[in-house]
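Listing of data-v8.txt; format and content: compact mmCIF, C-alpha atoms.
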# COMPACT_ATOMS: atom_id res chain seq x y z
CA MET A 41 21.13 8.15 20.60
CA THR A 42 21.24 4.86 22.49
CA ASN A 43 21.83 1.32 21.25
CA ARG A 44 19.64 -1.75 21.75
CA ASP A 45 21.28 -4.81 20.23
CA ASP A 46 21.97 -3.85 16.60
CA LYS A 47 19.54 -0.91 16.59
CA THR A 48 19.99 2.74 17.57
CA LEU A 49 17.29 4.74 19.32
CA THR A 50 16.87 8.17 17.75
CA SER A 51 15.62 11.37 19.32
CA SER A 52 12.47 10.97 17.21
CA GLY A 53 11.48 7.88 19.21
CA PHE A 54 12.17 5.05 16.76
CA TYR A 55 15.10 2.69 16.19
CA VAL A 56 17.26 2.54 13.08
CA SER A 57 19.48 -0.25 11.81
CA GLN A 58 21.36 -1.06 8.62
CA GLU A 59 19.37 -4.18 7.80
CA ALA A 60 15.77 -5.10 8.52
CA PRO A 61 15.79 -6.92 11.90
CA ILE A 62 13.11 -9.38 10.76
CA HIS A 63 13.52 -13.16 10.85
CA THR A 64 11.19 -16.02 9.99
CA ASP A 65 11.15 -19.63 11.16
CA ASP A 66 9.03 -20.66 8.16
CA PRO A 67 10.68 -19.21 5.04
CA ILE A 68 9.50 -19.79 1.50
CA PRO A 69 12.37 -21.50 -0.34
CA THR A 70 14.62 -19.12 -2.26
CA PRO A 71 14.60 -19.99 -5.96
CA SER A 72 17.93 -20.85 -7.59
CA VAL A 73 17.13 -18.62 -10.56
CA PRO A 74 17.30 -14.80 -10.49
CA ALA A 75 14.21 -12.74 -9.70
CA PRO A 76 12.77 -10.32 -12.26
CA ASP A 77 14.10 -6.78 -11.96
CA ILE A 78 11.06 -4.85 -10.73
CA LEU A 79 10.94 -1.10 -11.36
CA ARG A 80 7.84 0.01 -9.46
CA CYS A 81 4.23 -0.69 -8.63
CA ALA A 82 2.37 0.26 -11.81
CA TYR A 83 -1.35 -0.45 -11.57
CA MET A 84 -4.05 -2.33 -9.72
CA GLU A 85 -6.97 -4.16 -11.28
CA LEU A 86 -10.04 -3.79 -9.07
CA VAL A 87 -13.26 -5.73 -9.53
CA VAL A 88 -16.25 -3.56 -8.63
CA THR A 89 -19.92 -4.50 -8.45
CA ASP A 90 -21.37 -1.18 -9.64
CA LEU A 91 -19.15 0.22 -12.38
CA GLU A 92 -21.13 3.45 -12.77
CA ALA A 93 -20.90 4.26 -9.05
CA SER A 94 -17.19 3.44 -9.00
CA ARG A 95 -16.55 5.56 -12.07
CA ARG A 96 -18.26 8.53 -10.40
CA PHE A 97 -16.12 8.10 -7.29
CA TYR A 98 -12.75 7.79 -9.02
CA VAL A 99 -13.38 10.20 -11.91
CA ASP A 100 -15.90 12.79 -10.70
CA VAL A 101 -14.72 12.92 -7.07
CA LEU A 102 -11.01 11.99 -7.16
CA ASP A 103 -10.43 13.35 -10.69
CA LEU A 104 -8.46 10.43 -12.09
CA VAL A 105 -8.18 10.63 -15.88
CA VAL A 106 -10.08 8.20 -18.10
CA THR A 107 -7.67 6.76 -20.66
CA GLU A 108 -10.20 4.39 -22.20
CA GLU A 109 -13.43 2.65 -21.25
CA THR A 110 -15.71 -0.10 -22.43
CA GLU A 111 -19.08 -1.36 -21.30
CA ASP A 112 -17.58 -3.30 -18.39
CA THR A 113 -14.14 -1.74 -17.79
CA VAL A 114 -12.70 1.72 -17.10
CA TYR A 115 -8.96 2.44 -17.42
CA LEU A 116 -7.74 5.33 -15.27
CA ARG A 117 -4.45 7.14 -14.75
CA SER A 118 -3.02 9.91 -12.61
CA LEU A 119 -1.89 13.22 -14.08
CA GLU A 120 1.85 12.52 -14.27
CA GLU A 121 1.57 8.97 -15.63
CA PHE A 122 2.69 8.14 -19.17
CA ILE A 123 1.69 4.46 -19.27
CA HIS A 124 -1.86 3.52 -20.23
CA HIS A 125 -3.31 3.24 -16.74
CA ASN A 126 -2.69 3.06 -13.00
CA LEU A 127 -6.09 1.66 -12.08
CA VAL A 128 -8.49 -0.69 -13.84
CA LEU A 129 -12.11 -0.85 -12.71
CA ARG A 130 -13.73 -4.03 -14.01
CA LYS A 131 -17.33 -4.95 -13.35
CA GLY A 132 -17.80 -8.30 -11.64
CA PRO A 133 -19.93 -10.20 -9.15
CA VAL A 134 -17.57 -9.92 -6.17
CA ALA A 135 -15.63 -6.82 -5.13
CA ALA A 136 -11.97 -7.88 -5.02
CA VAL A 137 -8.47 -7.33 -6.37
CA ALA A 138 -7.58 -9.18 -9.57
CA ALA A 139 -3.95 -8.06 -9.83
CA PHE A 140 -1.18 -6.15 -8.07
CA SER A 141 0.78 -5.16 -11.17
CA TYR A 142 4.48 -4.27 -11.39
CA ARG A 143 6.53 -3.01 -14.30
CA VAL A 144 9.86 -4.77 -14.89
CA ARG A 145 13.01 -3.34 -16.46
CA THR A 146 13.25 -5.43 -19.66
CA PRO A 147 11.18 -7.89 -21.69
CA GLU A 148 13.62 -10.61 -20.58
CA ASP A 149 12.54 -10.07 -17.00
CA LEU A 150 9.24 -11.72 -17.89
CA ASP A 151 11.15 -14.92 -18.67
CA LYS A 152 12.79 -14.56 -15.26
CA ALA A 153 9.40 -14.14 -13.59
CA VAL A 154 8.13 -17.32 -15.21
CA ALA A 155 11.20 -19.29 -14.12
CA PHE A 156 11.21 -17.78 -10.60
CA TYR A 157 7.61 -18.62 -9.80
CA THR A 158 7.59 -21.94 -11.66
CA GLU A 159 10.46 -23.16 -9.46
CA LEU A 160 8.34 -22.25 -6.43
CA GLY A 161 5.47 -24.38 -7.76
CA CYS A 162 3.18 -21.39 -8.24
CA ARG A 163 0.50 -21.15 -10.86
CA VAL A 164 1.82 -19.02 -13.73
CA GLU A 165 -0.02 -17.68 -16.78
CA ARG A 166 1.54 -15.65 -19.59
CA ARG A 167 -0.32 -13.70 -22.28
CA PRO A 168 1.72 -12.08 -25.08
CA GLU A 169 -1.30 -9.85 -25.83
CA GLY A 170 -1.61 -8.81 -22.18
CA PHE A 171 -4.40 -9.20 -19.65
CA THR A 172 -5.67 -5.62 -19.95
CA LYS A 173 -5.79 -3.00 -22.69
CA GLY A 174 -2.67 -0.90 -23.10
CA ILE A 175 -0.37 -3.54 -21.58
CA GLY A 176 1.61 -5.95 -23.73
CA ASP A 177 3.28 -9.27 -22.93
CA SER A 178 2.44 -10.00 -19.28
CA VAL A 179 2.90 -12.69 -16.65
CA ARG A 180 0.38 -13.26 -13.88
CA VAL A 181 1.04 -15.54 -10.94
CA GLU A 182 -0.59 -16.72 -7.73
CA ASP A 183 2.34 -16.10 -5.42
CA PRO A 184 3.24 -18.29 -2.40
CA LEU A 185 1.51 -15.79 -0.09
CA GLY A 186 -1.75 -16.14 -2.01
CA PHE A 187 -1.69 -12.82 -3.88
CA PRO A 188 -2.31 -12.31 -7.63
CA TYR A 189 0.73 -10.53 -9.05
CA GLU A 190 1.36 -9.31 -12.58
CA PHE A 191 4.63 -8.38 -14.28
CA PHE A 192 4.92 -6.52 -17.59
CA HIS A 193 7.31 -4.37 -19.59
CA ASP A 194 5.71 -3.46 -22.93
CA VAL A 195 3.09 -0.75 -22.57
CA GLU A 196 1.15 1.74 -24.64
CA HIS A 197 2.33 5.28 -23.95
CA VAL A 198 -0.22 8.04 -23.43
CA GLU A 199 0.12 11.78 -22.91
CA ARG A 200 1.69 12.73 -19.60
CA LEU A 201 -0.54 15.52 -18.34
CA ALA A 202 1.95 17.11 -15.94
CA TRP A 203 1.93 20.33 -17.98
CA ARG A 204 -1.84 20.44 -18.47
CA TYR A 205 -2.53 22.82 -15.62
CA ASP A 206 -5.93 23.52 -17.11
CA LEU A 207 -6.87 19.99 -16.03
CA TYR A 208 -5.55 20.23 -12.48
CA THR A 209 -8.04 20.42 -9.64
CA PRO A 210 -7.31 21.40 -6.01
CA GLY A 211 -7.02 17.72 -5.03
CA ALA A 212 -5.11 16.50 -8.10
CA LEU A 213 -3.74 12.94 -7.89
CA VAL A 214 -0.39 12.85 -9.64
CA ARG A 215 1.10 9.36 -9.14
CA LEU A 216 0.33 5.83 -8.04
CA ASP A 217 2.48 5.44 -4.94
CA HIS A 218 2.01 2.01 -3.37
CA PHE A 219 -0.05 -1.02 -2.45
CA ASN A 220 -0.66 -2.40 1.04
CA GLN A 221 -1.32 -6.12 1.54
CA VAL A 222 -2.72 -8.00 4.53
CA THR A 223 -1.01 -11.28 5.38
CA PRO A 224 -1.06 -13.53 8.47
CA ASP A 225 2.72 -14.01 8.74
CA VAL A 226 4.58 -10.75 8.15
CA PRO A 227 8.17 -12.09 8.62
CA ARG A 228 7.52 -14.88 6.10
CA ALA A 229 6.11 -12.35 3.63
CA VAL A 230 9.06 -9.99 4.15
CA ALA A 231 11.62 -12.73 3.53
CA PHE A 232 9.89 -13.72 0.31
CA MET A 233 9.69 -10.11 -0.91
CA GLN A 234 13.40 -9.72 -0.16
CA ASP A 235 14.06 -12.71 -2.42
CA LEU A 236 12.11 -10.79 -5.05
CA GLY A 237 14.48 -7.85 -4.63
CA PHE A 238 12.50 -5.61 -2.29
CA ARG A 239 14.19 -3.77 0.57
CA VAL A 240 12.60 -3.01 3.93
CA THR A 241 12.45 0.67 4.84
CA GLU A 242 10.34 0.62 8.03
CA ASP A 243 8.61 -1.89 10.29
CA ILE A 244 6.61 -2.17 13.52
CA GLN A 245 7.66 -4.65 16.22
CA ASP A 246 7.40 -5.27 19.95
CA ASP A 247 10.01 -6.25 22.53
CA GLU A 248 9.24 -9.94 21.98
CA GLY A 249 10.10 -9.66 18.30
CA THR A 250 6.55 -9.93 16.93
CA VAL A 251 6.39 -8.09 13.61
CA TYR A 252 3.11 -6.31 12.96
CA ALA A 253 3.86 -4.63 9.62
CA ALA A 254 6.71 -3.87 7.23
CA TRP A 255 7.20 -1.39 4.39
CA MET A 256 9.22 -2.42 1.31
CA ARG A 257 10.35 -0.63 -1.81
CA ARG A 258 11.79 -1.03 -5.29
CA LYS A 259 11.58 2.60 -6.41
CA PRO A 260 13.43 5.04 -4.10
CA THR A 261 10.51 5.97 -1.84
CA VAL A 262 9.33 4.47 1.45
CA HIS A 263 7.42 1.68 -0.27
CA ASP A 264 5.94 0.09 -3.34
CA THR A 265 4.05 -2.27 -1.09
CA ALA A 266 3.64 -2.98 2.60
CA MET A 267 2.77 -6.15 4.46
CA THR A 268 0.28 -5.57 7.27
CA GLY A 269 -0.36 -8.36 9.76
CA GLY A 270 -3.91 -9.68 9.70
CA ASP A 271 -6.21 -12.28 8.19
CA GLY A 272 -5.17 -12.71 4.58
CA PRO A 273 -4.36 -12.68 1.76
CA ARG A 274 -6.32 -9.44 1.35
CA MET A 275 -5.70 -5.96 -0.03
CA HIS A 276 -5.56 -3.25 2.61
CA HIS A 277 -5.32 -0.25 0.30
CA VAL A 278 -4.04 1.25 -2.91
CA ALA A 279 -2.42 4.69 -2.59
CA PHE A 280 -2.21 7.69 -4.90
CA SER A 281 0.04 10.71 -4.30
CA THR A 282 -0.68 14.40 -4.38
CA HIS A 283 1.96 17.13 -4.62
CA GLU A 284 1.19 18.79 -1.28
CA LYS A 285 -0.84 18.21 1.86
CA HIS A 286 -3.19 21.06 0.96
CA ASN A 287 -4.35 18.88 -1.96
CA ILE A 288 -5.52 16.30 0.57
CA LEU A 289 -7.36 18.94 2.57
CA ALA A 290 -9.07 20.03 -0.65
CA ILE A 291 -10.30 16.47 -1.21
CA CYS A 292 -11.78 16.48 2.30
CA ASP A 293 -13.52 19.79 1.60
CA LYS A 294 -14.87 18.44 -1.70
CA LEU A 295 -16.23 15.31 -0.05
CA GLY A 296 -17.92 17.46 2.57
CA ALA A 297 -19.43 19.75 -0.06
CA LEU A 298 -20.78 16.72 -1.93
CA ARG A 299 -22.23 15.32 1.33
CA MET A 300 -19.90 12.36 0.94
CA SER A 301 -17.99 12.72 4.21
CA ASP A 302 -18.94 9.14 5.06
CA ARG A 303 -16.34 8.08 2.47
CA ILE A 304 -13.63 9.35 4.84
CA GLU A 305 -12.54 6.45 7.04
CA ARG A 306 -9.49 7.95 8.71
CA GLY A 307 -7.56 11.21 8.66
CA PRO A 308 -6.42 13.57 7.41
CA GLY A 309 -3.25 13.26 9.45
CA ARG A 310 0.46 12.57 9.33
CA HIS A 311 1.93 9.11 9.70
CA GLY A 312 4.88 8.41 11.96
CA VAL A 313 5.74 5.49 9.71
CA SER A 314 6.77 6.99 6.34
CA ASN A 315 6.36 10.58 7.67
CA ALA A 316 3.69 11.06 4.99
CA PHE A 317 0.52 13.12 5.18
CA TYR A 318 -2.47 10.83 4.60
CA LEU A 319 -6.19 10.36 4.10
CA TYR A 320 -8.03 7.03 3.89
CA LEU A 321 -11.22 6.75 1.84
CA ARG A 322 -13.58 3.89 1.03
CA ASP A 323 -14.98 3.53 -2.48
CA PRO A 324 -18.56 2.39 -3.21
CA ASP A 325 -17.54 -1.28 -2.82
CA GLY A 326 -15.53 -0.62 0.35
CA HIS A 327 -12.13 -0.84 -1.35
CA ARG A 328 -9.77 1.37 0.67
CA VAL A 329 -7.88 4.16 -1.10
CA GLU A 330 -5.15 6.19 0.54
CA ILE A 331 -4.28 9.70 -0.60
CA TYR A 332 -0.64 10.22 0.32
CA THR A 333 2.11 12.82 0.11
CA GLN A 334 5.51 13.92 1.43
CA ASP A 335 7.36 10.75 2.35
CA TYR A 336 11.15 10.62 1.87
CA TYR A 337 13.92 9.36 -0.43
CA THR A 338 15.29 5.86 0.26
CA GLY A 339 17.44 5.12 -2.80
CA ASP A 340 20.92 5.01 -1.24
CA PRO A 341 22.27 1.48 -0.65
CA ASP A 342 22.93 2.28 3.04
CA ASN A 343 19.48 3.78 3.67
CA PRO A 344 18.75 3.01 7.36
CA VAL A 345 15.77 0.83 8.32
CA VAL A 346 13.34 2.42 10.78
CA THR A 347 11.77 0.18 13.46
CA TRP A 348 8.81 1.43 15.49
CA ASP A 349 7.60 0.12 18.83
CA VAL A 350 4.03 -1.20 18.46
CA HIS A 351 3.06 0.64 21.67
CA ASP A 352 4.20 4.02 20.38
CA ASN A 353 0.94 5.77 19.54
CA GLN A 354 2.74 8.08 17.12
CA ARG A 355 3.68 5.25 14.76
CA ARG A 356 0.38 5.24 12.87
CA ASP A 357 -0.49 8.88 13.45
CA TRP A 358 2.30 11.33 14.31
CA TRP A 359 -0.14 13.50 16.23
CA GLY A 360 -1.24 10.56 18.40
CA ASN A 361 -4.79 10.35 17.07
CA PRO A 362 -6.53 6.98 17.51
CA VAL A 363 -6.89 4.51 14.66
CA VAL A 364 -10.45 3.46 13.87
CA PRO A 365 -11.07 -0.30 14.35
CA SER A 366 -12.20 -0.84 10.73
CA TRP A 367 -8.74 0.20 9.55
CA TYR A 368 -7.31 -2.85 11.32
CA THR A 369 -10.05 -5.38 10.58
CA GLU A 370 -11.50 -4.67 7.11
CA ALA A 371 -9.81 -5.27 3.76
CA SER A 372 -10.60 -6.38 0.21
CA LEU A 373 -10.60 -9.97 -1.00
CA VAL A 374 -8.11 -11.04 -3.67
CA LEU A 375 -8.80 -13.36 -6.59
CA ASP A 376 -7.01 -16.35 -8.04
CA LEU A 377 -6.23 -16.48 -11.76
CA ASP A 378 -9.66 -17.97 -12.45
CA GLY A 379 -11.38 -15.04 -10.77
CA ASN A 380 -12.37 -16.88 -7.61
CA PRO A 381 -11.85 -15.28 -4.15
CA LYS A 382 -8.86 -16.69 -2.31
CA GLU A 383 -9.50 -18.31 1.06
CA VAL A 384 -8.68 -15.98 3.96
CA VAL A 385 -6.35 -17.48 6.58
CA ALA A 386 -6.48 -16.14 10.15
CA ARG A 387 -3.46 -14.49 11.72
CA THR A 388 -2.24 -16.38 14.79
CA ASP A 389 0.37 -13.85 15.97
CA ALA A 390 -0.80 -10.97 18.15
CA SER A 391 -2.83 -8.33 16.33
CA GLU A 392 -1.78 -4.71 16.40
CA MET A 393 -5.27 -3.59 17.38
CA ALA A 394 -5.48 -6.06 20.26
CA VAL A 395 -2.08 -4.99 21.57
CA THR A 396 -2.66 -1.26 21.32
CA ILE A 397 -6.45 -0.90 21.01
CA GLY A 398 -6.02 1.52 18.17
CA ALA A 399 -3.32 3.61 19.85
CA ASP A 400 -5.14 3.78 23.18
CA GLY A 401 -4.41 4.77 26.76
CA PHE A 402 -2.43 1.58 27.34
CA SER A 403 0.08 2.64 24.71
CA TYR A 404 2.77 5.22 25.27
CA THR A 405 4.08 8.08 23.23
CA ARG A 406 7.65 7.66 24.46
CA GLN A 407 9.16 4.51 25.88
CA ASP A 408 10.23 6.18 29.12
CA ASP A 409 6.77 7.69 29.66
CA ALA A 410 4.25 4.86 29.98
CA SER A 411 1.29 7.02 30.94
CA MET A 412 -0.89 9.65 29.31
CA PRO A 413 -2.57 12.62 30.97
CA GLU A 414 -5.88 11.56 32.52
CA TRP A 415 -7.79 13.98 30.30
CA LYS A 416 -6.30 12.33 27.20
CA GLN A 417 -6.82 8.68 28.07
CA GLY A 418 -10.54 8.43 27.37
CA GLU A 419 -10.02 9.52 23.77
CA TYR A 420 -8.07 6.36 23.10
CA LYS A 421 -10.48 3.83 24.61
CA LEU A 422 -12.60 2.15 21.96
CA GLY A 423 -15.66 2.38 24.15
CA ASN A 424 -15.32 6.13 24.30
CA GLN A 425 -15.20 6.33 20.53
CA LEU A 426 -18.60 4.67 20.07
Could I get this file's structure written as structure tokens?
Amino acid sequence: MTNRDDKTLTSSGFYVSQEAPIHTDDPIPTPSVPAPDILRCAYMELVVTDLEASRRFYVDVLDLVVTEETEDTVYLRSLEEFIHHNLVLRKGPVAAVAAFSYRVRTPEDLDKAVAFYTELGCRVERRPEGFTKGIGDSVRVEDPLGFPYEFFHDVEHVERLAWRYDLYTPGALVRLDHFNQVTPDVPRAVAFMQDLGFRVTEDIQDDEGTVYAAWMRRKPTVHDTAMTGGDGPRMHHVAFSTHEKHNILAICDKLGALRMSDRIERGPGRHGVSNAFYLYLRDPDGHRVEIYTQDYYTGDPDNPVVTWDVHDNQRRDWWGNPVVPSWYTEASLVLDLDGNPKEVVARTDASEMAVTIGADGFSYTRQDDASMPEWKQGEYKLGNQL
């Protein structure tokens, strides 16, 4: 391994360091009060325009379990979940995200959330009865990055279906794994999330120090959320885990059998970042859903941070497959606490797609090998993909 500044180049082609080498010139002030102790990402509330079509997609195709439903809302969970839901589908006029919801360790952490965000001047709303069924005392905020966050502790328990093998299907979704958010200024977002207690596990940069994306966690996996550079605030995707990669292949086969292959946006494949096997789907409203498995443990306090070169075409897909343009450009709107879409602010830093053209012939697989075989290059030109 070789050193570059405070980072070490591994034989796998990426750099590792003890702390995230990300710095911002425009930080959000750090509150003087402690942040709430976040356990994990817990659920997402999605607004959908056709509830029946969305229910068919998430229940009949992806086999999420219906915990409860009303005329305008469906509450869904994965097979190993014991809290009321991991996903809320709520009918509304504009497809968007109403809440990125996190569970906190104690009821007192809700008081901390109120104090933390109030000091920042953010809009804060607290409902002792909760914002959704099955969730008790909750705090929702419009955070300084423009995202709607929720924090809760009290929750209605439901049956964990891990032992109900009679309910398992070949593509069974077992856990909610993470969110992915689109924001114009990734270093600013990372610094704020670090104030909230998140730790960076991986990131993508270039030699000039531009940060294109960063992965951050509270639970001991690669991430509970990621910040992807782009026009935002928007939601890039919500991700559910399977046990094995063959479960993801089964989902692909099922979509093909149902003549729904157009729902597959990207994959299946294996990420360089996170090392996970993946599949990206689009629901009837265009909300992006990742099916994800086999990342790695990150819970030790000295877990090394992985930094990828933006020109390494194995960062997004370990096999070097190109990334479709829509994956970089399209994402879901997010709502304020009144249910109105938040204004989208353009990214001014370089875009990952513009720099690499979706992992194209101008990128390199290894830093000391800046060219690809001639027969391979055309595959990575956007024009050749059309």
Within 8 Å of Glu165 (chain A) using all atoms listed in the file, minus same-chain residues under 6 positions, as a ChimeraX atom specification: /A:179-181
For C-alpha atoms, I'd like the residues from the last selection saved as a PDB file, in the coordinates of the input.
ATOM      1  CA  VAL A 179       2.900 -12.690 -16.650  1.00  0.00           C
ATOM      2  CA  ARG A 180       0.380 -13.260 -13.880  1.00  0.00           C
ATOM      3  CA  VAL A 181       1.040 -15.540 -10.940  1.00  0.00           C
TER       4      VAL A 181
END
Skip Tyr115 (chain A) itself and residues of its chain fewer than 5 positions away, then list as a PDB file with C-alpha atoms, keeping the file's coordinate frame all residues within 10 Å of it, counting only C-alpha atoms.
ATOM      1  CA  GLU A  85      -6.970  -4.160 -11.280  1.00  0.00           C
ATOM      2  CA  ARG A  95     -16.550   5.560 -12.070  1.00  0.00           C
ATOM      3  CA  LEU A 104      -8.460  10.430 -12.090  1.00  0.00           C
ATOM      4  CA  VAL A 105      -8.180  10.630 -15.880  1.00  0.00           C
ATOM      5  CA  VAL A 106     -10.080   8.200 -18.100  1.00  0.00           C
ATOM      6  CA  THR A 107      -7.670   6.760 -20.660  1.00  0.00           C
ATOM      7  CA  GLU A 108     -10.200   4.390 -22.200  1.00  0.00           C
ATOM      8  CA  GLU A 109     -13.430   2.650 -21.250  1.00  0.00           C
ATOM      9  CA  THR A 110     -15.710  -0.100 -22.430  1.00  0.00           C
ATOM     10  CA  HIS A 124      -1.860   3.520 -20.230  1.00  0.00           C
ATOM     11  CA  HIS A 125      -3.310   3.240 -16.740  1.00  0.00           C
ATOM     12  CA  ASN A 126      -2.690   3.060 -13.000  1.00  0.00           C
ATOM     13  CA  LEU A 127      -6.090   1.660 -12.080  1.00  0.00           C
ATOM     14  CA  VAL A 128      -8.490  -0.690 -13.840  1.00  0.00           C
ATOM     15  CA  LEU A 129     -12.110  -0.850 -12.710  1.00  0.00           C
ATOM     16  CA  ARG A 130     -13.730  -4.030 -14.010  1.00  0.00           C
ATOM     17  CA  THR A 172      -5.670  -5.620 -19.950  1.00  0.00           C
ATOM     18  CA  LYS A 173      -5.790  -3.000 -22.690  1.00  0.00           C
ATOM     19  CA  GLY A 174      -2.670  -0.900 -23.100  1.00  0.00           C
TER      20      GLY A 174
END
Dump as JSON lines the rows for residues of region 98-142 of chain A within 12 Å of region 205-213 of chain A: closest atom pair and distance in Å with one decimal, only C-alpha atoms counted, ordered by chain and rising residue number.
{"residue": "A:Tyr98", "atom": "CA", "partner": "A:Leu213", "partner_atom": "CA", "distance": 10.4}
{"residue": "A:Val99", "atom": "CA", "partner": "A:Leu213", "partner_atom": "CA", "distance": 10.8}
{"residue": "A:Asp100", "atom": "CA", "partner": "A:Thr209", "partner_atom": "CA", "distance": 11.0}
{"residue": "A:Val101", "atom": "CA", "partner": "A:Gly211", "partner_atom": "CA", "distance": 9.3}
{"residue": "A:Leu102", "atom": "CA", "partner": "A:Gly211", "partner_atom": "CA", "distance": 7.3}
{"residue": "A:Asp103", "atom": "CA", "partner": "A:Ala212", "partner_atom": "CA", "distance": 6.7}
{"residue": "A:Leu104", "atom": "CA", "partner": "A:Leu213", "partner_atom": "CA", "distance": 6.8}
{"residue": "A:Val105", "atom": "CA", "partner": "A:Leu213", "partner_atom": "CA", "distance": 9.4}
{"residue": "A:Leu116", "atom": "CA", "partner": "A:Leu213", "partner_atom": "CA", "distance": 11.3}
{"residue": "A:Arg117", "atom": "CA", "partner": "A:Leu213", "partner_atom": "CA", "distance": 9.0}
{"residue": "A:Ser118", "atom": "CA", "partner": "A:Leu213", "partner_atom": "CA", "distance": 5.7}
{"residue": "A:Leu119", "atom": "CA", "partner": "A:Leu213", "partner_atom": "CA", "distance": 6.5}
{"residue": "A:Glu120", "atom": "CA", "partner": "A:Leu213", "partner_atom": "CA", "distance": 8.5}
{"residue": "A:Glu121", "atom": "CA", "partner": "A:Leu213", "partner_atom": "CA", "distance": 10.2}
{"residue": "A:Asn126", "atom": "CA", "partner": "A:Leu213", "partner_atom": "CA", "distance": 11.2}
If you keep C-alpha atoms, can you produce a file of those selected residues as a PDB file, in the coordinates of the input?
ATOM      1  CA  TYR A  98     -12.750   7.790  -9.020  1.00  0.00           C
ATOM      2  CA  VAL A  99     -13.380  10.200 -11.910  1.00  0.00           C
ATOM      3  CA  ASP A 100     -15.900  12.790 -10.700  1.00  0.00           C
ATOM      4  CA  VAL A 101     -14.720  12.920  -7.070  1.00  0.00           C
ATOM      5  CA  LEU A 102     -11.010  11.990  -7.160  1.00  0.00           C
ATOM      6  CA  ASP A 103     -10.430  13.350 -10.690  1.00  0.00           C
ATOM      7  CA  LEU A 104      -8.460  10.430 -12.090  1.00  0.00           C
ATOM      8  CA  VAL A 105      -8.180  10.630 -15.880  1.00  0.00           C
ATOM      9  CA  LEU A 116      -7.740   5.330 -15.270  1.00  0.00           C
ATOM     10  CA  ARG A 117      -4.450   7.140 -14.750  1.00  0.00           C
ATOM     11  CA  SER A 118      -3.020   9.910 -12.610  1.00  0.00           C
ATOM     12  CA  LEU A 119      -1.890  13.220 -14.080  1.00  0.00           C
ATOM     13  CA  GLU A 120       1.850  12.520 -14.270  1.00  0.00           C
ATOM     14  CA  GLU A 121       1.570   8.970 -15.630  1.00  0.00           C
ATOM     15  CA  ASN A 126      -2.690   3.060 -13.000  1.00  0.00           C
TER      16      ASN A 126
END
CA of Tyr318 (chain A) to CA of Thr333 (chain A), straight-line distance in Å: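 Result for CA of Thr333 (chain A) versus CA of Tyr318 (chain A): 6.7 Å, one decimal.
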Length of the CA of Asp66 (chain A) to CA of Asp389 (chain A) vector [Å]: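 One can read the CA of Asp66 (chain A) to CA of Asp389 (chain A) distance as 13.5 Å.
With distances restricted to all atoms listed in the file, A:Met256 is the closest residue to Met233 (chain A) from A:Met256, A:Ile291, A:Val384, A:Leu49.
Among the candidates A:Gln221, A:Ser301, A:Ser314, A:Thr50, the one nearest to His277 (chain A) when counting only C-alpha atoms is A:Gln221.
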Pro69 (chain A) environment, 12 Å, only C-alpha atoms, sequence neighbours closer than 5 positions dropped, as a PyMOL selection string: chain A and resi 64+156-157+159-161+184+228-229+231-236
Point-to-point distance from CA of Met393 (chain A) to CA of Val313 (chain A), Å rounded to tenths: 16.2 Å
Where atoms are absent from region 196-203 of chain A, fill them in so it carries N, CA, C and O atoms, then output it as an mmCIF file, keeping the file's coordinate frame.
data_model
loop_
_atom_site.group_PDB
_atom_site.id
_atom_site.type_symbol
_atom_site.label_atom_id
_atom_site.label_comp_id
_atom_site.auth_asym_id
_atom_site.auth_seq_id
_atom_site.Cartn_x
_atom_site.Cartn_y
_atom_site.Cartn_z
ATOM 1 N N GLU A 196 1.544 0.637 -23.775
ATOM 2 C CA GLU A 196 1.150 1.740 -24.640
ATOM 3 C C GLU A 196 1.378 3.062 -23.914
ATOM 4 O O GLU A 196 0.911 3.243 -22.790
ATOM 5 N N HIS A 197 2.107 3.972 -24.539
ATOM 6 C CA HIS A 197 2.330 5.280 -23.950
ATOM 7 C C HIS A 197 1.134 6.188 -24.242
ATOM 8 O O HIS A 197 0.545 6.136 -25.319
ATOM 9 N N VAL A 198 0.823 7.030 -23.268
ATOM 10 C CA VAL A 198 -0.220 8.040 -23.430
ATOM 11 C C VAL A 198 0.363 9.385 -23.017
ATOM 12 O O VAL A 198 1.477 9.453 -22.489
ATOM 13 N N GLU A 199 -0.397 10.454 -23.232
ATOM 14 C CA GLU A 199 0.120 11.780 -22.910
ATOM 15 C C GLU A 199 0.283 11.952 -21.404
ATOM 16 O O GLU A 199 -0.650 11.715 -20.637
ATOM 17 N N ARG A 200 1.471 12.340 -21.000
ATOM 18 C CA ARG A 200 1.690 12.730 -19.600
ATOM 19 C C ARG A 200 1.123 14.129 -19.427
ATOM 20 O O ARG A 200 1.512 15.065 -20.135
ATOM 21 N N LEU A 201 0.220 14.283 -18.473
ATOM 22 C CA LEU A 201 -0.540 15.520 -18.340
ATOM 23 C C LEU A 201 0.046 16.472 -17.303
ATOM 24 O O LEU A 201 -0.637 17.384 -16.840
ATOM 25 N N ALA A 202 1.325 16.284 -16.975
ATOM 26 C CA ALA A 202 1.950 17.110 -15.940
ATOM 27 C C ALA A 202 1.896 18.595 -16.275
ATOM 28 O O ALA A 202 1.831 19.434 -15.374
ATOM 29 N N TRP A 203 1.922 18.930 -17.572
ATOM 30 C CA TRP A 203 1.930 20.330 -17.980
ATOM 31 C C TRP A 203 0.532 20.881 -18.266
ATOM 32 O O TRP A 203 0.393 22.055 -18.564
#
